[in-house]
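K.L.:
Please see the structure below; I have some questions.
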Amino acid sequence: MSSAASQVSDLLADDPDHGIPCVTSLDVHSVWKHGGSDLHVIIAKPLAMDDRSRERLMAKLENYLNFVNSPEYAAQCGFPNPQTTRVVFSLHPDMNPAVAATLLHCTSWVESNNASLKVQHLDADLNPPFVH
């Protein structure tokens with residue numbers, strides 16, 4: 001493995017102390033009875049927008065989009081489209097505003113990959129807005 005590939009691999013390795021502990025797992029996948037789903041990414045710790053966090057954030061989103069466009073997703077949820085398939089990022093209330101801005105810059109990329117993007121903030125008790 002080249003030095004550059006090794007560095008990227010190190011940036012993306014599982015890390016339970018990071019706000020995105022695993023870039024390859026689905027955090028929560030809510031499948032709807034009549035097709036489609038919400039795929040949730042929960043970032044319950046503030047992130048610095050350093051190179052490592054930015055790489056992990058983009059890798060997590062890319063892995064979700066790869067899943068959305070997989071045969072496994074289609075078999076479970078039907079063919080994805082932005083009206084029925086959402087990627088929902090729930091961010092820590094003290095999150096650096098650059099994280100939400102970075103995600104929102106990805107809206108057209110997400111839509112071109114058959115999903116829509118929602119970015120919301122967790123409340124002070126780390127609950128998403130719909131749990132009250």
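The way I read the labels, and the way they are meant: chains A, B, ... in the order of the structure tokens, residue 1 as the first residue of every chain, and ligand 1 as the first ligand shown, with later ones counted on from there.
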Taking 6 positions as the minimum chain separation for residues in the same chain, which residues sit within 10 Å of segment 31-46 of chain A when counting only C-alpha atoms? Answer as a PyMOL selection string.

P.N.:
chain A and resi 17-21+23+25+57+60-61+64-65+67-68+73-74+76-96+99+115-122+126-128

K.L.:
Would you give me, as a ChimeraX atom specification, the residues in segment 49-127 of chain A that DSSP reads as helix (DSSP H, G or I)?

P.N.:
/A:51-68,71-77,97-104,107-112

K.L.:
Would you save the residues of that selection, restricted to N, CA and C atoms, as an mmCIF file, in the first residue's frame?

P.N.:
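out.cif, written as the output of this step:
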```cif
data_model
loop_
_atom_site.group_PDB
_atom_site.id
_atom_site.type_symbol
_atom_site.label_atom_id
_atom_site.label_comp_id
_atom_site.auth_asym_id
_atom_site.auth_seq_id
_atom_site.Cartn_x
_atom_site.Cartn_y
_atom_site.Cartn_z
ATOM 1 N N ASP A 51 -8.966 18.069 8.468
ATOM 2 C CA ASP A 51 -8.937 17.155 7.319
ATOM 3 C C ASP A 51 -9.517 15.789 7.675
ATOM 4 N N ARG A 52 -9.183 15.282 8.836
ATOM 5 C CA ARG A 52 -9.645 13.956 9.236
ATOM 6 C C ARG A 52 -11.169 13.905 9.342
ATOM 7 N N SER A 53 -11.752 14.872 10.024
ATOM 8 C CA SER A 53 -13.215 14.884 10.181
ATOM 9 C C SER A 53 -13.912 15.093 8.844
ATOM 10 N N ARG A 54 -13.360 15.960 8.009
ATOM 11 C CA ARG A 54 -13.957 16.194 6.687
ATOM 12 C C ARG A 54 -13.915 14.921 5.843
ATOM 13 N N GLU A 55 -12.797 14.214 5.856
ATOM 14 C CA GLU A 55 -12.676 12.953 5.113
ATOM 15 C C GLU A 55 -13.668 11.913 5.633
ATOM 16 N N ARG A 56 -13.801 11.834 6.953
ATOM 17 C CA ARG A 56 -14.718 10.864 7.555
ATOM 18 C C ARG A 56 -16.177 11.218 7.216
ATOM 19 N N LEU A 57 -16.508 12.498 7.251
ATOM 20 C CA LEU A 57 -17.860 12.950 6.923
ATOM 21 C C LEU A 57 -18.213 12.592 5.476
ATOM 22 N N MET A 58 -17.308 12.888 4.560
ATOM 23 C CA MET A 58 -17.570 12.603 3.143
ATOM 24 C C MET A 58 -17.583 11.100 2.869
ATOM 25 N N ALA A 59 -16.722 10.347 3.535
ATOM 26 C CA ALA A 59 -16.714 8.879 3.357
ATOM 27 C C ALA A 59 -18.014 8.276 3.875
ATOM 28 N N LYS A 60 -18.504 8.774 4.997
ATOM 29 C CA LYS A 60 -19.771 8.275 5.552
ATOM 30 C C LYS A 60 -20.904 8.535 4.565
ATOM 31 N N LEU A 61 -20.986 9.754 4.038
ATOM 32 C CA LEU A 61 -22.030 10.089 3.076
ATOM 33 C C LEU A 61 -21.885 9.237 1.812
ATOM 34 N N GLU A 62 -20.684 9.083 1.324
ATOM 35 C CA GLU A 62 -20.470 8.266 0.116
ATOM 36 C C GLU A 62 -20.882 6.815 0.345
ATOM 37 N N ASN A 63 -20.578 6.266 1.504
ATOM 38 C CA ASN A 63 -20.989 4.890 1.798
ATOM 39 C C ASN A 63 -22.510 4.763 1.861
ATOM 40 N N TYR A 64 -23.195 5.758 2.423
ATOM 41 C CA TYR A 64 -24.658 5.737 2.429
ATOM 42 C C TYR A 64 -25.196 5.763 1.000
ATOM 43 N N LEU A 65 -24.628 6.620 0.150
ATOM 44 C CA LEU A 65 -25.094 6.712 -1.234
ATOM 45 C C LEU A 65 -24.805 5.425 -2.004
ATOM 46 N N ASN A 66 -23.678 4.799 -1.734
ATOM 47 C CA ASN A 66 -23.388 3.507 -2.366
ATOM 48 C C ASN A 66 -24.443 2.475 -1.968
ATOM 49 N N PHE A 67 -24.843 2.477 -0.706
ATOM 50 C CA PHE A 67 -25.874 1.552 -0.254
ATOM 51 C C PHE A 67 -27.214 1.859 -0.931
ATOM 52 N N VAL A 68 -27.568 3.146 -1.008
ATOM 53 C CA VAL A 68 -28.832 3.539 -1.646
ATOM 54 C C VAL A 68 -28.910 3.006 -3.078
ATOM 55 N N PRO A 71 -28.127 -3.180 -5.162
ATOM 56 C CA PRO A 71 -29.236 -4.134 -5.333
ATOM 57 C C PRO A 71 -29.913 -4.480 -3.998
ATOM 58 N N GLU A 72 -29.132 -4.519 -2.918
ATOM 59 C CA GLU A 72 -29.684 -4.814 -1.594
ATOM 60 C C GLU A 72 -30.732 -3.776 -1.189
ATOM 61 N N TYR A 73 -30.416 -2.494 -1.421
ATOM 62 C CA TYR A 73 -31.376 -1.444 -1.092
ATOM 63 C C TYR A 73 -32.644 -1.595 -1.934
ATOM 64 N N ALA A 74 -32.478 -1.773 -3.243
ATOM 65 C CA ALA A 74 -33.630 -1.899 -4.141
ATOM 66 C C ALA A 74 -34.524 -3.069 -3.737
ATOM 67 N N ALA A 75 -33.914 -4.185 -3.322
ATOM 68 C CA ALA A 75 -34.704 -5.351 -2.920
ATOM 69 C C ALA A 75 -35.490 -5.075 -1.635
ATOM 70 N N GLN A 76 -34.909 -4.292 -0.744
ATOM 71 C CA GLN A 76 -35.537 -4.028 0.548
ATOM 72 C C GLN A 76 -36.521 -2.847 0.498
ATOM 73 N N CYS A 77 -36.206 -1.828 -0.306
ATOM 74 C CA CYS A 77 -36.946 -0.566 -0.232
ATOM 75 C C CYS A 77 -37.548 -0.111 -1.559
ATOM 76 N N PRO A 97 -20.588 25.086 12.721
ATOM 77 C CA PRO A 97 -21.503 25.381 11.610
ATOM 78 C C PRO A 97 -20.949 24.969 10.242
ATOM 79 N N ALA A 98 -19.645 24.847 10.125
ATOM 80 C CA ALA A 98 -19.044 24.433 8.852
ATOM 81 C C ALA A 98 -19.445 23.007 8.477
ATOM 82 N N VAL A 99 -19.801 22.181 9.448
ATOM 83 C CA VAL A 99 -20.220 20.809 9.155
ATOM 84 C C VAL A 99 -21.534 20.831 8.370
ATOM 85 N N ALA A 100 -22.524 21.557 8.868
ATOM 86 C CA ALA A 100 -23.809 21.648 8.161
ATOM 87 C C ALA A 100 -23.605 22.295 6.793
ATOM 88 N N ALA A 101 -22.787 23.339 6.723
ATOM 89 C CA ALA A 101 -22.537 24.002 5.442
ATOM 90 C C ALA A 101 -21.889 23.046 4.450
ATOM 91 N N THR A 102 -20.947 22.261 4.905
ATOM 92 C CA THR A 102 -20.286 21.278 4.037
ATOM 93 C C THR A 102 -21.305 20.274 3.515
ATOM 94 N N LEU A 103 -22.151 19.782 4.407
ATOM 95 C CA LEU A 103 -23.174 18.820 3.979
ATOM 96 C C LEU A 103 -24.135 19.437 2.973
ATOM 97 N N LEU A 104 -24.582 20.640 3.234
ATOM 98 C CA LEU A 104 -25.547 21.277 2.337
ATOM 99 C C LEU A 104 -24.956 21.534 0.952
ATOM 100 N N THR A 107 -25.821 18.681 -1.574
ATOM 101 C CA THR A 107 -27.215 18.395 -1.923
ATOM 102 C C THR A 107 -27.361 17.877 -3.345
ATOM 103 N N SER A 108 -26.772 18.525 -4.324
ATOM 104 C CA SER A 108 -26.940 18.078 -5.712
ATOM 105 C C SER A 108 -26.279 16.725 -5.947
ATOM 106 N N TRP A 109 -25.158 16.474 -5.282
ATOM 107 C CA TRP A 109 -24.491 15.167 -5.383
ATOM 108 C C TRP A 109 -25.420 14.080 -4.833
ATOM 109 N N VAL A 110 -26.027 14.342 -3.676
ATOM 110 C CA VAL A 110 -26.938 13.372 -3.069
ATOM 111 C C VAL A 110 -28.128 13.130 -3.997
ATOM 112 N N GLU A 111 -28.710 14.198 -4.517
ATOM 113 C CA GLU A 111 -29.866 14.048 -5.404
ATOM 114 C C GLU A 111 -29.508 13.301 -6.683
ATOM 115 N N SER A 112 -28.302 13.511 -7.200
ATOM 116 C CA SER A 112 -27.882 12.779 -8.407
ATOM 117 C C SER A 112 -27.634 11.304 -8.100
#
```

K.L.:
In Å, with one decimal, what is the gap from atom CA of Ala48 of chain A to atom CA of Leu12 of chain A?

P.N.:
15.2 Å

K.L.:
Go through segment 60-95 of chain A and collect every residue that DSSP, computed from the backbone, puts in strand (DSSP E or B); the answer should be as a ChimeraX atom specification.

P.N.:
/A:85-91

K.L.:
Can I get the selected residues back with N, CA and C atoms, as a PDB file, in the first residue's frame?

P.N.:
```pdb
ATOM      1  N   THR A  85     -36.375   8.515  -0.701  1.00  0.00           N
ATOM      2  CA  THR A  85     -35.138   8.100  -0.035  1.00  0.00           C
ATOM      3  C   THR A  85     -34.433   9.336   0.504  1.00  0.00           C
ATOM      4  N   ARG A  86     -34.281   9.391   1.834  1.00  0.00           N
ATOM      5  CA  ARG A  86     -33.614  10.540   2.461  1.00  0.00           C
ATOM      6  C   ARG A  86     -32.406  10.088   3.258  1.00  0.00           C
ATOM      7  N   VAL A  87     -31.338  10.877   3.162  1.00  0.00           N
ATOM      8  CA  VAL A  87     -30.198  10.742   4.060  1.00  0.00           C
ATOM      9  C   VAL A  87     -30.332  11.901   5.043  1.00  0.00           C
ATOM     10  N   VAL A  88     -30.479  11.557   6.326  1.00  0.00           N
ATOM     11  CA  VAL A  88     -30.737  12.555   7.368  1.00  0.00           C
ATOM     12  C   VAL A  88     -29.543  12.601   8.311  1.00  0.00           C
ATOM     13  N   PHE A  89     -28.875  13.744   8.357  1.00  0.00           N
ATOM     14  CA  PHE A  89     -27.779  13.951   9.298  1.00  0.00           C
ATOM     15  C   PHE A  89     -28.330  14.657  10.518  1.00  0.00           C
ATOM     16  N   SER A  90     -28.168  14.058  11.704  1.00  0.00           N
ATOM     17  CA  SER A  90     -28.551  14.668  12.974  1.00  0.00           C
ATOM     18  C   SER A  90     -27.269  15.051  13.689  1.00  0.00           C
ATOM     19  N   LEU A  91     -27.075  16.349  13.878  1.00  0.00           N
ATOM     20  CA  LEU A  91     -25.813  16.892  14.383  1.00  0.00           C
ATOM     21  C   LEU A  91     -25.917  17.328  15.836  1.00  0.00           C
TER      22      LEU A  91
END
```

K.L.:
Between A:Asp50, A:Cys106, A:Asn114, A:Pro129, which residue has the minimum interatomic distance to Leu11 of chain A, considering only C-alpha atoms?

P.N.:
A:Asp50

K.L.:
Which of these residues is nearest to Asn69 of chain A, using only C-alpha atoms: A:His105, A:Asp14, A:Met49, A:Asn113?

P.N.:
A:Asn113
